[in-house]
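Visitor: Data: run_3.txt, compact mmCIF, C-alpha atoms.
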```txt
# COMPACT_ATOMS: atom_id res chain seq x y z
CA MET A 1 89.69 -53.09 84.71
CA ARG A 2 86.04 -53.06 83.73
CA PHE A 3 83.02 -54.99 85.03
CA ILE A 4 79.21 -54.88 85.01
CA VAL A 5 77.15 -55.55 88.14
CA ASN A 6 73.46 -55.20 88.97
CA SER A 7 72.81 -52.13 91.17
CA GLN A 8 70.40 -53.88 93.53
CA LEU A 9 72.72 -56.86 93.97
CA LEU A 10 75.64 -54.56 94.75
CA LEU A 11 73.53 -52.50 97.16
CA GLU A 12 72.37 -55.58 99.11
CA ASN A 13 75.91 -56.89 99.51
CA LEU A 14 77.38 -53.51 100.46
CA GLN A 15 74.64 -53.02 103.05
CA SER A 16 75.50 -56.38 104.60
CA LEU A 17 79.06 -55.07 105.10
CA SER A 18 78.05 -51.62 106.32
CA GLY A 19 78.49 -52.52 110.01
CA LEU A 20 82.26 -52.47 109.43
CA LEU A 21 82.34 -49.35 107.26
CA VAL A 22 82.67 -46.79 110.04
CA GLU A 23 84.83 -43.71 110.59
CA ASN A 24 88.39 -44.68 111.40
CA LYS A 25 90.79 -41.79 112.00
CA ALA A 26 93.73 -44.11 112.68
CA LEU A 27 93.29 -46.00 109.37
CA PRO A 28 91.10 -43.90 107.03
CA ILE A 29 91.33 -46.54 104.29
CA LEU A 30 89.12 -48.79 106.41
CA GLU A 31 86.27 -46.37 105.72
CA LYS A 32 86.46 -47.71 102.15
CA CYS A 33 85.40 -51.07 100.74
CA LEU A 34 87.94 -53.07 98.76
CA PHE A 35 86.72 -54.16 95.32
CA ARG A 36 88.78 -57.00 93.82
CA ILE A 37 88.24 -58.59 90.41
CA SER A 38 89.64 -62.08 89.83
CA GLY A 39 88.35 -64.17 86.94
CA ASN A 40 84.60 -63.61 86.73
CA ASN A 41 84.33 -62.87 90.44
CA LEU A 42 83.91 -59.54 92.27
CA THR A 43 85.08 -59.71 95.88
CA LEU A 44 83.98 -57.03 98.36
CA VAL A 45 86.07 -56.66 101.53
CA ALA A 46 85.27 -54.54 104.60
CA SER A 47 87.27 -54.32 107.82
CA ASP A 48 87.42 -52.38 111.08
CA SER A 49 90.91 -53.79 111.88
CA GLU A 50 89.40 -56.31 114.34
CA SER A 51 86.95 -58.05 112.00
CA VAL A 52 86.93 -58.66 108.25
CA ALA A 53 83.95 -59.56 106.08
CA VAL A 54 84.33 -60.81 102.51
CA VAL A 55 81.51 -61.27 99.99
CA ASP A 56 81.92 -62.86 96.55
CA ILE A 57 79.67 -61.88 93.65
CA ALA A 58 79.68 -63.81 90.37
CA LEU A 59 79.71 -61.54 87.31
CA ASP A 60 78.85 -62.17 83.65
CA GLU A 61 80.90 -59.41 82.03
CA VAL A 62 84.46 -58.70 83.20
CA SER A 63 87.54 -57.28 81.51
CA GLY A 64 90.87 -57.34 83.30
CA GLU A 65 91.79 -58.06 86.90
CA GLY A 66 92.84 -55.88 89.81
CA ALA A 67 91.64 -54.15 92.96
CA VAL A 68 90.77 -50.70 94.29
CA ALA A 69 89.49 -49.29 97.61
CA VAL A 70 86.13 -47.58 96.92
CA PRO A 71 84.50 -44.80 99.03
CA ALA A 72 81.79 -47.06 100.36
CA ARG A 73 79.44 -44.53 101.99
CA SER A 74 79.19 -42.35 98.87
CA LEU A 75 78.55 -45.40 96.70
CA LEU A 76 75.97 -46.77 99.13
CA ASP A 77 74.06 -43.47 99.24
CA ALA A 78 74.02 -43.33 95.44
CA LEU A 79 72.88 -46.95 95.05
CA LYS A 80 69.93 -46.38 97.40
CA THR A 81 68.50 -43.82 94.94
CA MET A 82 69.03 -45.88 91.78
CA PRO A 83 66.56 -48.18 90.04
CA ASN A 84 67.46 -51.82 89.50
CA ILE A 85 69.80 -51.39 86.53
CA PRO A 86 73.16 -52.75 85.29
CA LEU A 87 76.09 -50.56 86.33
CA ILE A 88 79.31 -50.40 84.34
CA PHE A 89 82.46 -49.82 86.41
CA ASN A 90 85.66 -48.64 84.73
CA VAL A 91 88.65 -48.46 87.09
CA ASP A 92 91.99 -46.82 86.30
CA GLU A 93 94.36 -48.63 88.66
CA ALA A 94 97.14 -46.13 88.01
CA THR A 95 95.10 -43.21 89.41
CA SER A 96 92.46 -45.21 91.39
CA GLY A 97 89.83 -43.26 89.46
CA ILE A 98 86.42 -44.93 89.21
CA GLU A 99 83.86 -44.15 86.51
CA ILE A 100 80.35 -45.58 86.86
CA SER A 101 77.66 -45.46 84.19
CA GLY A 102 74.16 -46.83 84.21
CA GLY A 103 70.84 -45.81 82.71
CA GLN A 104 71.10 -42.12 81.85
CA GLY A 105 73.74 -41.35 84.49
CA GLN A 106 77.50 -41.14 84.66
CA TYR A 107 79.36 -40.80 87.96
CA LYS A 108 82.95 -40.48 89.16
CA LEU A 109 84.62 -41.45 92.42
CA THR A 110 88.22 -41.35 93.57
CA GLY A 111 89.37 -44.50 95.28
CA GLU A 112 92.65 -45.52 96.84
CA ALA A 113 95.32 -48.00 95.87
CA ALA A 114 94.51 -51.53 97.01
CA ASP A 115 98.04 -52.25 98.23
CA THR A 116 97.48 -49.94 101.21
CA TYR A 117 94.52 -52.02 102.40
CA PRO A 118 95.30 -54.31 105.41
CA GLU A 119 95.87 -57.97 104.67
CA ILE A 120 93.01 -60.39 105.24
CA PRO A 121 93.73 -62.94 108.02
CA GLN A 122 94.19 -66.49 106.79
CA MET A 123 93.75 -69.78 108.57
CA GLY A 124 96.99 -71.36 109.62
CA GLY A 125 98.13 -74.06 112.01
CA ASP A 126 95.82 -76.26 114.04
CA ALA A 127 92.16 -75.26 113.94
CA ALA A 128 89.02 -76.23 115.78
CA ILE A 129 86.30 -76.97 113.23
CA ALA A 130 82.53 -77.16 113.54
CA THR A 131 79.61 -76.94 111.12
CA ILE A 132 76.52 -75.21 112.49
CA SER A 133 73.17 -74.50 110.88
CA SER A 134 72.72 -70.73 110.52
CA ASP A 135 69.37 -70.69 112.35
CA ILE A 136 70.95 -72.42 115.36
CA LEU A 137 73.92 -70.05 115.37
CA VAL A 138 71.64 -66.99 115.15
CA ARG A 139 69.58 -68.35 118.03
CA ALA A 140 72.69 -68.97 120.16
CA ILE A 141 73.90 -65.42 119.55
CA SER A 142 70.46 -63.93 120.25
CA LYS A 143 70.13 -65.81 123.54
CA THR A 144 73.53 -64.74 124.86
CA ILE A 145 74.75 -61.46 123.42
CA PHE A 146 72.48 -59.26 125.58
CA ALA A 147 74.30 -60.49 128.70
CA THR A 148 77.78 -59.39 127.54
CA GLY A 149 79.50 -56.53 129.35
CA ASN A 150 80.90 -53.18 128.18
CA ASP A 151 83.84 -52.80 130.57
CA GLN A 152 87.01 -52.80 128.47
CA LEU A 153 89.05 -53.45 131.63
CA ARG A 154 87.39 -56.88 131.65
CA ALA A 155 87.66 -57.51 127.92
CA THR A 156 86.68 -61.18 128.02
CA MET A 157 83.26 -60.22 129.37
CA CYS A 158 82.72 -58.05 126.27
CA GLY A 159 82.28 -61.18 124.16
CA VAL A 160 80.65 -64.60 124.12
CA LEU A 161 82.56 -67.71 125.18
CA PHE A 162 82.40 -70.59 122.67
CA GLU A 163 83.15 -73.97 124.27
CA MET A 164 83.49 -76.79 121.77
CA LYS A 165 83.41 -80.42 122.90
CA PRO A 166 82.73 -83.72 121.12
CA ASP A 167 79.36 -84.07 122.86
CA GLY A 168 78.11 -80.56 122.10
CA MET A 169 78.76 -76.84 122.21
CA THR A 170 78.20 -74.24 124.93
CA PHE A 171 77.84 -70.47 124.55
CA VAL A 172 78.32 -68.30 127.66
CA ALA A 173 77.95 -64.56 128.26
CA THR A 174 78.15 -62.53 131.47
CA ASP A 175 78.66 -58.97 132.69
CA ALA A 176 79.12 -60.08 136.35
CA HIS A 177 75.50 -59.13 137.15
CA LYS A 178 73.74 -61.59 134.87
CA LEU A 179 74.89 -64.73 133.07
CA VAL A 180 73.56 -66.90 130.26
CA ARG A 181 74.64 -70.45 129.48
CA TYR A 182 73.27 -71.82 126.23
CA ARG A 183 74.06 -75.43 125.32
CA ARG A 184 73.48 -77.40 122.12
CA SER A 185 73.86 -81.16 122.07
CA ASP A 186 73.38 -81.34 118.27
CA ILE A 187 76.63 -79.50 117.40
CA LYS A 188 79.42 -82.04 117.20
CA THR A 189 83.09 -81.07 117.07
CA PRO A 190 86.11 -83.36 116.57
CA ALA A 191 88.23 -81.67 119.22
CA GLU A 192 87.85 -79.57 122.34
CA ALA A 193 88.47 -75.83 122.19
CA SER A 194 87.30 -72.62 123.83
CA PHE A 195 87.60 -68.99 122.76
CA VAL A 196 85.86 -65.64 123.20
CA VAL A 197 84.30 -63.88 120.19
CA PRO A 198 83.77 -60.10 120.56
CA LYS A 199 80.26 -58.69 120.64
CA LYS A 200 80.64 -56.46 117.56
CA ALA A 201 81.73 -59.37 115.38
CA LEU A 202 78.80 -61.47 116.57
CA ASN A 203 76.32 -58.69 115.74
CA LEU A 204 77.80 -58.48 112.25
CA LEU A 205 77.62 -62.27 111.85
CA LYS A 206 74.03 -62.38 113.08
CA ASN A 207 72.94 -59.60 110.71
CA MET A 208 74.57 -61.26 107.71
CA LEU A 209 73.07 -64.65 108.57
CA THR A 210 69.55 -63.26 108.91
CA ILE A 211 69.65 -61.79 105.40
CA ASN A 212 69.06 -65.33 104.13
CA LYS A 213 65.54 -66.50 104.89
CA GLU A 214 66.52 -70.16 104.68
CA ALA A 215 68.96 -71.93 106.99
CA VAL A 216 72.41 -72.59 105.53
CA PRO A 217 75.38 -74.51 106.94
CA VAL A 218 78.04 -72.32 108.55
CA GLN A 219 81.58 -73.67 108.74
CA MET A 220 83.50 -72.32 111.72
CA GLU A 221 87.26 -72.59 112.21
CA ALA A 222 89.42 -71.06 114.93
CA ASN A 223 93.08 -70.83 115.80
CA GLU A 224 94.87 -69.05 118.63
CA LYS A 225 94.21 -65.56 117.27
CA ASN A 226 91.20 -65.59 114.94
CA VAL A 227 87.87 -67.27 114.28
CA PHE A 228 86.54 -67.76 110.74
CA PHE A 229 82.95 -68.23 109.57
CA GLN A 230 82.07 -69.26 106.02
CA PHE A 231 78.57 -69.62 104.53
CA GLY A 232 77.45 -69.30 100.94
CA ASN A 233 79.45 -66.51 99.31
CA VAL A 234 80.37 -64.87 102.63
CA HIS A 235 83.55 -65.18 104.70
CA ILE A 236 83.92 -63.47 108.09
CA SER A 237 87.00 -63.46 110.27
CA CYS A 238 87.56 -61.69 113.56
CA ARG A 239 90.28 -61.39 116.14
CA LEU A 240 89.53 -63.34 119.31
CA VAL A 241 89.42 -61.62 122.70
CA ASP A 242 92.70 -62.26 124.48
CA GLY A 243 92.55 -63.48 128.08
CA ARG A 244 91.08 -66.19 130.27
CA TYR A 245 87.30 -66.26 130.59
CA PRO A 246 85.96 -66.23 134.19
CA ASN A 247 85.11 -69.58 135.74
CA TYR A 248 81.38 -69.27 135.14
CA GLN A 249 80.66 -72.73 136.56
CA ALA A 250 81.77 -71.53 140.00
CA VAL A 251 79.03 -68.88 140.23
CA ILE A 252 76.14 -71.18 139.29
CA PRO A 253 74.60 -72.41 142.57
CA THR A 254 73.73 -76.10 142.61
CA ASP A 255 71.54 -76.26 145.73
CA ASN A 256 68.36 -74.25 145.12
CA PRO A 257 65.48 -75.66 147.18
CA ASN A 258 63.09 -72.75 146.57
CA LYS A 259 61.33 -72.83 143.19
CA LEU A 260 58.93 -70.28 141.74
CA THR A 261 57.07 -71.29 138.56
CA VAL A 262 55.13 -68.51 136.83
CA ALA A 263 53.66 -67.60 133.44
CA ARG A 264 56.46 -65.75 131.64
CA GLN A 265 54.40 -63.13 129.80
CA ALA A 266 52.28 -62.21 132.83
CA PHE A 267 55.39 -61.96 135.00
CA LEU A 268 57.22 -59.88 132.38
CA THR A 269 54.32 -57.44 132.09
CA CYS A 270 54.15 -57.10 135.88
CA VAL A 271 57.89 -56.40 136.22
CA LYS A 272 57.77 -53.84 133.39
CA ARG A 273 54.87 -52.07 135.08
CA SER A 274 56.59 -52.16 138.44
CA CYS A 275 59.70 -50.50 136.92
CA ILE A 276 57.68 -47.32 136.41
CA PHE A 277 57.45 -46.87 140.18
CA ALA A 278 61.01 -47.96 141.00
CA ASN A 279 64.14 -45.88 141.42
CA LYS A 280 65.25 -44.89 137.92
CA ALA A 281 68.99 -45.16 138.64
CA ILE A 282 68.87 -48.63 140.24
CA PRO A 283 65.43 -50.15 139.68
CA GLN A 284 65.06 -52.88 142.29
CA VAL A 285 62.17 -55.31 142.18
CA ARG A 286 61.39 -57.31 145.32
CA LEU A 287 59.81 -60.77 145.27
CA THR A 288 58.06 -61.97 148.40
CA MET A 289 57.04 -65.63 148.57
CA SER A 290 55.42 -67.26 151.55
CA GLY A 291 53.95 -70.37 150.01
CA GLY A 292 50.65 -70.79 148.25
CA ASN A 293 49.92 -69.71 144.71
CA GLU A 294 50.88 -66.03 144.65
CA VAL A 295 54.10 -64.01 144.56
CA LEU A 296 54.16 -60.37 145.69
CA VAL A 297 56.10 -58.16 143.27
CA SER A 298 56.96 -54.75 144.75
CA THR A 299 59.10 -51.71 144.00
CA GLU A 300 59.74 -48.41 145.76
CA ASP A 301 61.32 -45.04 145.00
CA VAL A 302 61.84 -43.21 148.29
CA GLU A 303 63.09 -40.01 146.64
CA ASN A 304 59.93 -39.56 144.57
CA SER A 305 57.51 -41.19 147.07
CA SER A 306 56.33 -43.78 144.56
CA ALA A 307 55.79 -47.48 145.05
CA SER A 308 54.00 -50.47 143.62
CA LYS A 309 52.68 -53.81 144.86
CA GLU A 310 51.19 -56.47 142.64
CA ARG A 311 50.36 -60.12 143.13
CA VAL A 312 50.96 -62.64 140.37
CA ALA A 313 49.64 -66.19 140.23
CA CYS A 314 52.37 -68.80 140.55
CA GLN A 315 53.38 -72.16 141.96
CA TYR A 316 55.90 -71.88 144.78
CA GLU A 317 57.74 -74.70 146.50
CA GLY A 318 60.05 -73.89 149.40
CA ASP A 319 60.49 -71.81 152.52
CA PRO A 320 59.21 -68.22 152.88
CA LEU A 321 61.66 -65.97 151.03
CA GLU A 322 62.13 -62.30 150.15
CA ILE A 323 64.72 -61.45 147.51
CA GLY A 324 65.56 -58.43 145.34
CA PHE A 325 66.79 -58.21 141.74
CA ASN A 326 67.58 -55.49 139.23
CA ALA A 327 64.32 -55.01 137.34
CA ARG A 328 66.05 -54.13 134.04
CA TYR A 329 67.98 -57.40 134.05
CA PHE A 330 64.77 -59.25 134.87
CA VAL A 331 63.04 -57.67 131.86
CA GLU A 332 65.97 -58.52 129.54
CA ILE A 333 65.98 -62.16 130.60
CA LEU A 334 62.21 -62.65 130.49
CA THR A 335 62.08 -60.97 127.06
CA THR A 336 64.84 -63.19 125.67
CA LEU A 337 63.18 -66.39 126.85
CA GLU A 338 60.27 -67.65 124.75
CA SER A 339 58.67 -70.40 126.82
CA GLU A 340 55.15 -70.09 128.17
CA ASP A 341 56.34 -70.60 131.77
CA VAL A 342 59.63 -69.98 133.56
CA CYS A 343 61.00 -71.37 136.81
CA LEU A 344 63.10 -69.26 139.18
CA HIS A 345 65.40 -71.39 141.36
CA MET A 346 66.61 -69.71 144.57
CA SER A 347 68.27 -70.54 147.86
CA MET A 348 68.90 -67.40 149.97
CA PRO A 349 68.45 -63.62 149.53
CA ASN A 350 72.19 -63.12 149.01
CA ARG A 351 72.73 -65.89 146.45
CA ALA A 352 72.17 -65.87 142.70
CA GLY A 353 68.81 -66.87 141.26
CA LEU A 354 68.54 -69.17 138.24
CA ILE A 355 65.86 -68.76 135.58
CA VAL A 356 65.11 -71.63 133.22
CA PRO A 357 62.36 -72.04 130.61
CA MET A 358 59.66 -74.60 131.25
CA GLY A 359 58.17 -76.86 128.62
CA GLU A 360 60.69 -76.16 125.83
CA SER A 361 60.19 -78.64 122.98
CA ASP A 362 63.76 -78.67 121.57
CA GLU A 363 65.52 -81.56 123.30
CA ASN A 364 68.88 -80.44 121.89
CA GLU A 365 68.72 -77.07 123.65
CA ASP A 366 69.53 -76.23 127.27
CA ILE A 367 69.17 -72.63 128.49
CA LEU A 368 70.13 -71.34 131.92
CA MET A 369 70.06 -67.68 132.93
CA LEU A 370 71.43 -66.30 136.19
CA MET A 371 70.91 -63.03 138.05
CA MET A 372 72.84 -61.76 141.04
CA PRO A 373 70.56 -60.46 143.83
CA MET A 374 70.44 -56.89 145.14
CA MET A 375 70.70 -56.05 148.81
CA MET A 376 67.34 -54.85 150.07
```
Please lay out the structure from this file as structure tokens.

Guide:
Amino acid sequence: MRFIVNSQLLLENLQSLSGLLVENKALPILEKCLFRISGNNLTLVASDSESVAVVDIALDEVSGEGAVAVPARSLLDALKTMPNIPLIFNVDEATSGIEISGGQGQYKLTGEAADTYPEIPQMGGDAAIATISSDILVRAISKTIFATGNDQLRATMCGVLFEMKPDGMTFVATDAHKLVRYRRSDIKTPAEASFVVPKKALNLLKNMLTINKEAVPVQMEANEKNVFFQFGNVHISCRLVDGRYPNYQAVIPTDNPNKLTVARQAFLTCVKRSCIFANKAIPQVRLTMSGGNEVLVSTEDVENSSASKERVACQYEGDPLEIGFNARYFVEILTTLESEDVCLHMSMPNRAGLIVPMGESDENEDILMLMMPMMM
């Protein structure tokens, strides 16, 4: 088979798939990218055995049909050094030999037979369907993915829970120390469903969505084993995390009479500065509130005889309270939020604190972040 494709166009699409093109000793063919010609269409396929990404490229000049697995890293490295020129690919399917010519250069690669490449998952059976604007989906992923865990013994915590209901959609992530619940009332689904999408697949999806500067509709379908995302010329499928997600509603306290409202950026800067003087292994930040318009933020590292105390302007309603949190989690949450002010809802030193943005303008969005306290 023979086809002509623009070098820059091919480079951009291969780079979008590069997150899946990693070393795989169990299945070395997954280190390659599948090139498939059908009609006037070039389809690029990349997989890590858990997720599959497919990109379609329309071509003007094509001769023959077929497929071959191409050494993706070598091709990528070569494309990065090339000018924006047409490239002519000639593929011998009998030997999987690949000849590339363009400009003043001629290059050869040895591929692998396409029939050894794993099959691409297909939708089948009942499916939960939703259409989401890409900017909203990117925002939902960005607001939740940082709170996912890394403990493979608790696999469901290594992904983000998608809860689909007729009145909206909820995204939840937790690592048992912090939790994020992100709700959208403007995503309507015809049926209820819930599933957990792994972190790696969501990072790939987010990166591919952000390549487009303009928002595009993303169609999402899911069955018992896989979730599928389709937008423009891109199709992504990934295997869902197997297992029951923790009952996150049970850990969100409902009675929180003590409320601390503070400027987010000033508070974030203070906590970052306080981290310098805290214990490096477990950086605890202590908040002391006794009414009035100031909160005392303090840290201490007994081993290195360092400590910090800093007062930050605030509005506090409630009883005098002293509570400790992991400073790193605090920084992650305050960095992820974008509002000018945040409100920290608390009850007792041994119960979780809730952080919510104040003054958000998007009425379709509801963000709640939770942190477990640290014993002082």

Visitor: Using all atoms listed in the file, determine which residues lie at most 12 Å from Val356 in chain A, disregarding the query and same-chain residues fewer than 3 positions distant; provide the list as a PDB file with C-alpha atoms, in the coordinates of the input.

Guide:
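Below is the file out-v4.pdb, written as the result:
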```
ATOM      1  CA  LEU A 179      74.890 -64.730 133.070  1.00  0.00           C
ATOM      2  CA  VAL A 180      73.560 -66.900 130.260  1.00  0.00           C
ATOM      3  CA  ARG A 181      74.640 -70.450 129.480  1.00  0.00           C
ATOM      4  CA  TYR A 182      73.270 -71.820 126.230  1.00  0.00           C
ATOM      5  CA  LYS A 259      61.330 -72.830 143.190  1.00  0.00           C
ATOM      6  CA  LEU A 260      58.930 -70.280 141.740  1.00  0.00           C
ATOM      7  CA  THR A 261      57.070 -71.290 138.560  1.00  0.00           C
ATOM      8  CA  VAL A 262      55.130 -68.510 136.830  1.00  0.00           C
ATOM      9  CA  ARG A 264      56.460 -65.750 131.640  1.00  0.00           C
ATOM     10  CA  ILE A 333      65.980 -62.160 130.600  1.00  0.00           C
ATOM     11  CA  LEU A 334      62.210 -62.650 130.490  1.00  0.00           C
ATOM     12  CA  THR A 336      64.840 -63.190 125.670  1.00  0.00           C
ATOM     13  CA  LEU A 337      63.180 -66.390 126.850  1.00  0.00           C
ATOM     14  CA  GLU A 338      60.270 -67.650 124.750  1.00  0.00           C
ATOM     15  CA  SER A 339      58.670 -70.400 126.820  1.00  0.00           C
ATOM     16  CA  GLU A 340      55.150 -70.090 128.170  1.00  0.00           C
ATOM     17  CA  ASP A 341      56.340 -70.600 131.770  1.00  0.00           C
ATOM     18  CA  VAL A 342      59.630 -69.980 133.560  1.00  0.00           C
ATOM     19  CA  CYS A 343      61.000 -71.370 136.810  1.00  0.00           C
ATOM     20  CA  LEU A 344      63.100 -69.260 139.180  1.00  0.00           C
ATOM     21  CA  HIS A 345      65.400 -71.390 141.360  1.00  0.00           C
ATOM     22  CA  MET A 346      66.610 -69.710 144.570  1.00  0.00           C
ATOM     23  CA  GLY A 353      68.810 -66.870 141.260  1.00  0.00           C
ATOM     24  CA  GLY A 359      58.170 -76.860 128.620  1.00  0.00           C
ATOM     25  CA  GLU A 360      60.690 -76.160 125.830  1.00  0.00           C
ATOM     26  CA  GLU A 365      68.720 -77.070 123.650  1.00  0.00           C
ATOM     27  CA  ASP A 366      69.530 -76.230 127.270  1.00  0.00           C
ATOM     28  CA  ILE A 367      69.170 -72.630 128.490  1.00  0.00           C
ATOM     29  CA  LEU A 368      70.130 -71.340 131.920  1.00  0.00           C
ATOM     30  CA  MET A 369      70.060 -67.680 132.930  1.00  0.00           C
ATOM     31  CA  LEU A 370      71.430 -66.300 136.190  1.00  0.00           C
ATOM     32  CA  MET A 371      70.910 -63.030 138.050  1.00  0.00           C
TER      33      MET A 371
END
```

Visitor: Select, from A:Glu112, A:Asp92, A:Asp77, A:Asp60, the residue with the minimum atom-to-atom distance to Glu31 in chain A, counting all atoms listed in the file.

Guide: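 Distance minimum relative to Glu31 in chain A lands on A:Glu112.
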
Visitor: Give me the residues near Ser49 in chain A as a list in words, where near means some atom within 9 Å (using all atoms listed in the file) and where sequence neighbours in that chain fewer than 5 positions away do not count.

Guide: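 My reading of the contact set: Leu27, Leu30, Pro118, Cys238 and Arg239 of chain A.
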
Visitor: Would you write out, as a tab-separated table, a table of all residues in range 131-243 of chain A that have an atom no more than 10 Å from an atom of range 44-47 of chain A, listing for each the closest atom pair and the distance in Å to one decimal, considering only C-alpha atoms and ordering rows by chain and rising residue number?

Guide:
```
residue	atom	partner	partner_atom	distance
A:Val234	CA	A:Leu44	CA	9.6
A:His235	CA	A:Val45	CA	9.4
A:Ile236	CA	A:Ala46	CA	9.7
A:Ser237	CA	A:Ser47	CA	9.5
A:Cys238	CA	A:Ser47	CA	9.3
```

Visitor: Once you count all atoms listed in the file, which residues end up no further than 10 Å from (86.6, -79.3, 118.8) in the file's frame, shown as number ranges by chain?

Guide: A: 127-130, 163-169, 188-194, 221-222

Visitor: As an exercise, work out the distance from CA of Pro71 in chain A to CA of Ile4 in chain A in Å and give it to one decimal place.

Guide: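 Separation of CA of Pro71 in chain A and CA of Ile4 in chain A: 18.1 Å.
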
Visitor: Using only C-alpha atoms, which of the listed residues (A:Val285, A:Glu119, A:Phe330, A:Ala278) sits closest to Ser305 in chain A?

Guide: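 Ranking A:Val285, A:Glu119, A:Phe330, A:Ala278 by distance to Ser305 in chain A, first place goes to A:Ala278.
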
Visitor: Find the residues near Tyr329 in chain A: any atom within 9 Å, counting only C-alpha atoms, skip ones fewer than 6 places away on the same chain, and give them as a PDB file with C-alpha atoms, in the frame of the given file.

Guide:
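Result file follows (part-v3.pdb):
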```pdb
ATOM      1  CA  ALA A 147      74.300 -60.490 128.700  1.00  0.00           C
ATOM      2  CA  HIS A 177      75.500 -59.130 137.150  1.00  0.00           C
ATOM      3  CA  LYS A 178      73.740 -61.590 134.870  1.00  0.00           C
ATOM      4  CA  MET A 371      70.910 -63.030 138.050  1.00  0.00           C
TER       5      MET A 371
END
```

Visitor: Find the residues around Tyr245 in chain A up to 8 Å (all atoms listed in the file counted), leave out those fewer than 4 positions away in its own chain, and share them as a VMD selection string.

Guide: chain A and resid 156 to 157 161 196

Visitor: Measuring atom to atom with all atoms listed in the file, identify which of A:Asp186, A:Glu93, A:Glu50, A:Glu310 is nearest to Ala67 in chain A.

Guide: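 For Ala67 in chain A, the nearest of the given residues is A:Glu93.
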
Visitor: What residues have an atom no more than 12 Å from (62.5, -46.3, 138.0) in the file's own frame, counting all atoms listed in the file, and can you write them as an MDAnalysis selection string?

Guide: chainID A and resid 271:285 299:308 326:328

Visitor: Tell me which of A:Pro257, A:Gly232, A:Pro320, A:Gly292 sits closest to Val55 in chain A, counting all atoms listed in the file.

Guide: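 Of A:Pro257, A:Gly232, A:Pro320, A:Gly292, the one nearest Val55 in chain A, counting all atoms listed in the file, is A:Gly232.
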
Visitor: Under the rule that all atoms listed in the file are counted, which of A:Asn6, A:Asn226, A:Lys143, A:Gln152 is the nearest residue to Ile85 in chain A?

Guide: A:Asn6

Visitor: Please determine, counting all atoms listed in the file, which residue among A:Lys200, A:Arg139, A:Arg73, A:Arg2 has the shortest atom-to-atom distance to Arg183 in chain A.

Guide: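 Using all atoms listed in the file, Arg183 in chain A sits closest to A:Arg139.
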
Visitor: May I have the residues within 10 Å of Leu202 in chain A as an MDAnalysis selection string, using all atoms listed in the file and disregarding those fewer than 6 positions away in the same chain?

Guide: chainID A and resid 51 137:138 141:142 145 159:160 208 238

Visitor: Quick one: pull the distance between CA of Val52 in chain A and CA of Val70 in chain A, Å, one decimal.

Guide: 15.9 Å

Visitor: For a test of reading the model, state the distance in Å between CA of Leu240 in chain A and CA of Asn223 in chain A, rounded to one decimal.

Guide: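 So the two atoms, CA of Leu240 in chain A and CA of Asn223 in chain A, lie 9.0 Å apart.
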